[in-house]
Amino acid sequence: MQQPYLKILSENPKTVLLSDFATLGKDDLCQVPLNHESVADRHARIEHKDGNFLIRDLRSANGSYVNNTRVFEAYLKEGDVIRLGDLEMSFHDHLETAQTFPMKSRNESWNRELQSMANVAKTDFPVLILGPSGTGKDVVAQALHQASERVRGPFLSVNCSALSETLIESELFGHIKGSFTGATSDRKGAFEATRGGTLFLDEIGDLSYSLQAKLLRALENNEIRPVGSDRNVKTDVRIIAATHQNLKEKIQEGTFRSDLYFRLNVVTVSPPALSKRMEDFEELLYSFAKKMRVRFSYGAIARLKKHPWPGNIRELKNLVSRAAALFPKEQILEEHVERLIDRTLLRYEESPEHDIPVIKEIEKQMIIKRLTYNRGNQRRTAQDLGMPKSTLHDRIRHYGINIGSFKV
C-alpha cells in the first residue's frame, strides 16, 4: 500500500502523513494535531478499511465536510477536499515524489532539458524531437513513454520514410479487406494498435503531403478512417514525432504543412550531437561495450575521443559492434582504432585520406544516374542505393542536385 497523506490548506500549508488509523483534532494526543479554533479536540478520524480510506466525524460541533457536503462517514478519493470546521485540507492516497526523467546526462544544458521532460511526460501533449541523425531520438521517445501515465499501454514506432505512400497509410490507419491489392483481410493500423499508449512517428519529415493532411485530421479529431472504409474510428493515443530535417525549411519549400507543424510542435526537445555532449562519451561507450563484450584500452578511448563522430551515438554503437566482430575476445588498442573508424562522412580536412573528394564525386554521379533512371523518384532511388530516403534527401541537398530536372 502506498503512503497516504493530507495536505493542509491554510496560511502555513503543510503535508501530514497518515497511518492506518489517525484521529484529527486540537488535542495533543491526536495523531494529526490541528491547532485551529474551529476544530474540536477530537474532531474526526481517518482509517484504512476494505482497501480504502474512510473519514468519520466524531460528533463535532462544527461538522466534517467532504467536497462541501457534510458527512458523518464517507470513503475518500484522491484529491477530495476535507473541511473540519473552517480548516481545509486535501486527501491524497499516495505520497507524491519528485518527478525525474529516466534519462540523464553529464552535459549540464542537455541534462536540464531532459529533466524538464519529467512534467511533459505526464501530459498527453504531442512532443516533437528534432536533432541530427543518430542522436538517440528514439531513446528519448521511449523514455517519455516510460515516464508517462500511459506506461501500461503499448509503445509503437513507425518509420515514415521506410514504406511507400499506400503502405504507410495502411500502417498508420489500418485497412479493410479488398481496399487495395494484397489486402486479403482487415488490419488494424498503428493508431488502433497503440490505443491507450504512445505512437512514435519517426522521420515525420518524409511523410507525403497528402498523408500529412490525414494525420492532421486524426490529431485534431482524435479519429482515423481505415483505408477503404466508410466509417471513422475513435482513437486514444499520445503522439511523439521526430525528424532530423529542418521542418521550417520544408514549410518554406512547400513540402511540409505548417498547420501540422504547429499541431505537433507543442513541446520540442532537441538531442545534441555527440560532439556537443562529450561528457557522456565514456559512459555511452562502456554501455555498448558491456553489451557486446568488448574491452577498450585507455589509449584507444583517448583516440576515439578525438574523432568528430558525424554519425553521433549510432556511429559509436556501430564502431563497438565492428570491434566485437573484427577483434573478438581481444582488448581494443589504439592501433586497432584506425581500422574501426568509419571515414565515409568525414570532411576532407578531418581525414588523412586524400581520395575523399573522388569518393564524393563517385557517390554524386551514382545518385544522379539512379535519379535519371527513376525519373526523379527519390523513394525508388533510395531503395536502389540501399540508403534511407532521408539520407538521400540530405545528399541531394549537399551536392546541390536539382531534383526538378529529372522529372518528366
# chains A, B, ... in the order shown; residues from 1 in each chain; ligands from 1

call {"tool": "residues_around", "arguments": {"residues": "Ile301 of chain A", "least_positions_apart": "4", "cutoff": "10 Å", "atoms": "only C-alpha atoms", "output": "list in words"}}
result
Phe281, Glu282, Leu285, Phe296, Ser297, Lys305, Lys306, Ile332, Leu333, Glu334 and Val337 of chain A

call {"tool": "write_last_selection", "arguments": {"atoms": "N, CA, C and O atoms", "output": "PDB file, in the first residue's frame"}}
result
ATOM      1  N   PHE A 281      30.554  10.622 -23.257  1.00  0.00           N
ATOM      2  CA  PHE A 281      31.155   9.680 -24.202  1.00  0.00           C
ATOM      3  C   PHE A 281      31.540   8.355 -23.553  1.00  0.00           C
ATOM      4  O   PHE A 281      31.168   7.276 -24.042  1.00  0.00           O
ATOM      5  N   GLU A 282      32.289   8.409 -22.463  1.00  0.00           N
ATOM      6  CA  GLU A 282      32.788   7.169 -21.866  1.00  0.00           C
ATOM      7  C   GLU A 282      31.646   6.301 -21.338  1.00  0.00           C
ATOM      8  O   GLU A 282      31.665   5.074 -21.489  1.00  0.00           O
ATOM      9  N   LEU A 285      30.088   4.661 -24.322  1.00  0.00           N
ATOM     10  CA  LEU A 285      30.998   3.641 -24.840  1.00  0.00           C
ATOM     11  C   LEU A 285      30.959   2.390 -23.965  1.00  0.00           C
ATOM     12  O   LEU A 285      30.837   1.267 -24.469  1.00  0.00           O
ATOM     13  N   PHE A 296      38.084  -1.819 -24.186  1.00  0.00           N
ATOM     14  CA  PHE A 296      38.885  -0.792 -24.842  1.00  0.00           C
ATOM     15  C   PHE A 296      39.990  -0.336 -23.889  1.00  0.00           C
ATOM     16  O   PHE A 296      39.750  -0.101 -22.705  1.00  0.00           O
ATOM     17  N   SER A 297      41.207  -0.199 -24.423  1.00  0.00           N
ATOM     18  CA  SER A 297      42.321   0.295 -23.622  1.00  0.00           C
ATOM     19  C   SER A 297      42.184   1.808 -23.429  1.00  0.00           C
ATOM     20  O   SER A 297      41.421   2.486 -24.131  1.00  0.00           O
ATOM     21  N   LYS A 305      38.076   9.660 -28.557  1.00  0.00           N
ATOM     22  CA  LYS A 305      37.555  10.963 -28.145  1.00  0.00           C
ATOM     23  C   LYS A 305      37.955  12.077 -29.118  1.00  0.00           C
ATOM     24  O   LYS A 305      37.314  13.125 -29.162  1.00  0.00           O
ATOM     25  N   LYS A 306      39.005  11.843 -29.880  1.00  0.00           N
ATOM     26  CA  LYS A 306      39.454  12.853 -30.851  1.00  0.00           C
ATOM     27  C   LYS A 306      38.653  12.801 -32.155  1.00  0.00           C
ATOM     28  O   LYS A 306      38.729  13.702 -32.970  1.00  0.00           O
ATOM     29  N   ILE A 332      40.767  -3.830 -27.265  1.00  0.00           N
ATOM     30  CA  ILE A 332      40.933  -2.907 -28.386  1.00  0.00           C
ATOM     31  C   ILE A 332      41.999  -1.889 -28.016  1.00  0.00           C
ATOM     32  O   ILE A 332      41.870  -1.136 -27.047  1.00  0.00           O
ATOM     33  N   LEU A 333      43.087  -1.903 -28.799  1.00  0.00           N
ATOM     34  CA  LEU A 333      44.204  -0.992 -28.559  1.00  0.00           C
ATOM     35  C   LEU A 333      44.124   0.200 -29.508  1.00  0.00           C
ATOM     36  O   LEU A 333      43.346   0.219 -30.466  1.00  0.00           O
ATOM     37  N   GLU A 334      45.007   1.175 -29.266  1.00  0.00           N
ATOM     38  CA  GLU A 334      44.978   2.386 -30.081  1.00  0.00           C
ATOM     39  C   GLU A 334      45.228   2.075 -31.554  1.00  0.00           C
ATOM     40  O   GLU A 334      44.622   2.690 -32.427  1.00  0.00           O
ATOM     41  N   VAL A 337      42.112   1.215 -33.606  1.00  0.00           N
ATOM     42  CA  VAL A 337      41.063   2.228 -33.797  1.00  0.00           C
ATOM     43  C   VAL A 337      40.965   2.697 -35.241  1.00  0.00           C
ATOM     44  O   VAL A 337      39.864   2.868 -35.771  1.00  0.00           O
TER      45      VAL A 337
END

call {"tool": "select_by_dssp", "arguments": {"residues": "segment 249-392 of chain A", "states": "alpha helix (DSSP H)", "output": "PyMOL selection string"}}
result
chain A and resi 249-253+258-264+281-292+298-305+312-326+334-340+356-373+378-385+389-392

call {"tool": "closest_residue", "arguments": {"among": "A:Gly85, A:Pro308, A:Gly79, A:Pro271", "to": "Asn35 of chain A", "atoms": "only C-alpha atoms"}}
result
A:Gly85

call {"tool": "residues_around", "arguments": {"residues": "Ile176 of chain A", "least_positions_apart": "5", "cutoff": "10 Å", "atoms": "only C-alpha atoms", "output": "list in words"}}
result
Ser170, Ala183, Thr184, Ser185, Asp186, Arg187, Lys188, Pro226, Val227, Gly228, Ser229 and Asp230 of chain A

call {"tool": "residues_around", "arguments": {"residues": "Lys290 of chain A", "least_positions_apart": "6", "cutoff": "12 Å", "atoms": "only C-alpha atoms", "output": "compact mmCIF listing (two decimals) with N, CA and C atoms, in the first residue's frame"}}
result
# COMPACT_ATOMS: atom_id res chain seq x y z
N GLU A 282 32.29 8.41 -22.46
CA GLU A 282 32.79 7.17 -21.87
C GLU A 282 31.65 6.30 -21.34
N GLU A 283 30.63 6.93 -20.74
CA GLU A 283 29.50 6.16 -20.23
C GLU A 283 28.76 5.45 -21.36
N LEU A 284 28.58 6.16 -22.49
CA LEU A 284 27.93 5.55 -23.65
C LEU A 284 28.78 4.41 -24.22
N PHE A 296 38.08 -1.82 -24.19
CA PHE A 296 38.88 -0.79 -24.84
C PHE A 296 39.99 -0.34 -23.89
N LYS A 317 27.87 3.20 -31.57
CA LYS A 317 27.36 1.84 -31.37
C LYS A 317 27.85 0.91 -32.48
N VAL A 320 31.51 -0.09 -31.93
CA VAL A 320 31.69 -1.13 -30.91
C VAL A 320 31.29 -2.49 -31.49
N SER A 321 30.22 -2.53 -32.28
CA SER A 321 29.81 -3.78 -32.93
C SER A 321 30.90 -4.26 -33.88
N ALA A 324 33.68 -5.82 -31.93
CA ALA A 324 33.34 -7.16 -31.47
C ALA A 324 33.48 -8.19 -32.58

call {"tool": "select_by_dssp", "arguments": {"residues": "segment 222-267 of chain A", "states": "strand (DSSP E or B)", "output": "mmCIF file with N, CA and C atoms, in the first residue's frame"}}
result
data_model
loop_
_atom_site.group_PDB
_atom_site.id
_atom_site.type_symbol
_atom_site.label_atom_id
_atom_site.label_comp_id
_atom_site.auth_asym_id
_atom_site.auth_seq_id
_atom_site.Cartn_x
_atom_site.Cartn_y
_atom_site.Cartn_z
ATOM 1 N N GLU A 223 -9.678 10.804 -34.288
ATOM 2 C CA GLU A 223 -10.288 9.689 -35.003
ATOM 3 C C GLU A 223 -9.580 9.491 -36.335
ATOM 4 N N ILE A 224 -9.622 8.260 -36.827
ATOM 5 C CA ILE A 224 -8.992 7.923 -38.101
ATOM 6 C C ILE A 224 -9.986 7.151 -38.962
ATOM 7 N N VAL A 227 -8.096 2.647 -44.504
ATOM 8 C CA VAL A 227 -8.102 2.668 -45.968
ATOM 9 C C VAL A 227 -9.245 1.787 -46.481
ATOM 10 N N VAL A 233 -13.006 5.825 -36.845
ATOM 11 C CA VAL A 233 -12.720 5.082 -35.615
ATOM 12 C C VAL A 233 -12.097 6.052 -34.615
ATOM 13 N N LYS A 234 -12.657 6.121 -33.405
ATOM 14 C CA LYS A 234 -12.112 6.988 -32.370
ATOM 15 C C LYS A 234 -10.758 6.455 -31.888
ATOM 16 N N VAL A 237 -4.496 7.962 -28.222
ATOM 17 C CA VAL A 237 -3.066 7.725 -28.380
ATOM 18 C C VAL A 237 -2.311 9.032 -28.187
ATOM 19 N N ARG A 238 -1.110 8.928 -27.613
ATOM 20 C CA ARG A 238 -0.236 10.093 -27.469
ATOM 21 C C ARG A 238 0.797 10.046 -28.593
ATOM 22 N N ILE A 239 0.984 11.169 -29.293
ATOM 23 C CA ILE A 239 1.883 11.229 -30.444
ATOM 24 C C ILE A 239 3.214 11.862 -30.067
ATOM 25 N N ILE A 240 4.291 11.160 -30.411
ATOM 26 C CA ILE A 240 5.640 11.722 -30.357
ATOM 27 C C ILE A 240 6.208 11.597 -31.764
ATOM 28 N N ALA A 241 6.658 12.694 -32.340
ATOM 29 C CA ALA A 241 7.197 12.695 -33.701
ATOM 30 C C ALA A 241 8.659 13.128 -33.671
ATOM 31 N N ALA A 242 9.417 12.677 -34.673
ATOM 32 C CA ALA A 242 10.846 13.019 -34.720
ATOM 33 C C ALA A 242 11.293 13.178 -36.162
ATOM 34 N N THR A 243 12.282 14.011 -36.370
ATOM 35 C CA THR A 243 12.913 14.158 -37.679
ATOM 36 C C THR A 243 14.274 14.815 -37.509
ATOM 37 N N VAL A 267 5.488 20.799 -27.653
ATOM 38 C CA VAL A 267 6.728 20.764 -26.875
ATOM 39 C C VAL A 267 7.822 20.200 -27.774
#

call {"tool": "residues_around", "arguments": {"residues": "segment 359-371 of chain A", "least_positions_apart": "2", "cutoff": "8 Å", "atoms": "only C-alpha atoms", "output": "ChimeraX atom specification"}}
result
/A:355-357,373-378,381,384-385,395-396,399,401,406

call {"tool": "atom_distance", "arguments": {"atom1": "atom CA of Arg263 of chain A", "atom2": "atom CA of Leu392 of chain A"}}
result
27.0 Å

call {"tool": "atom_distance", "arguments": {"atom1": "atom CA of Asp93 of chain A", "atom2": "atom CA of Leu18 of chain A"}}
result
9.4 Å
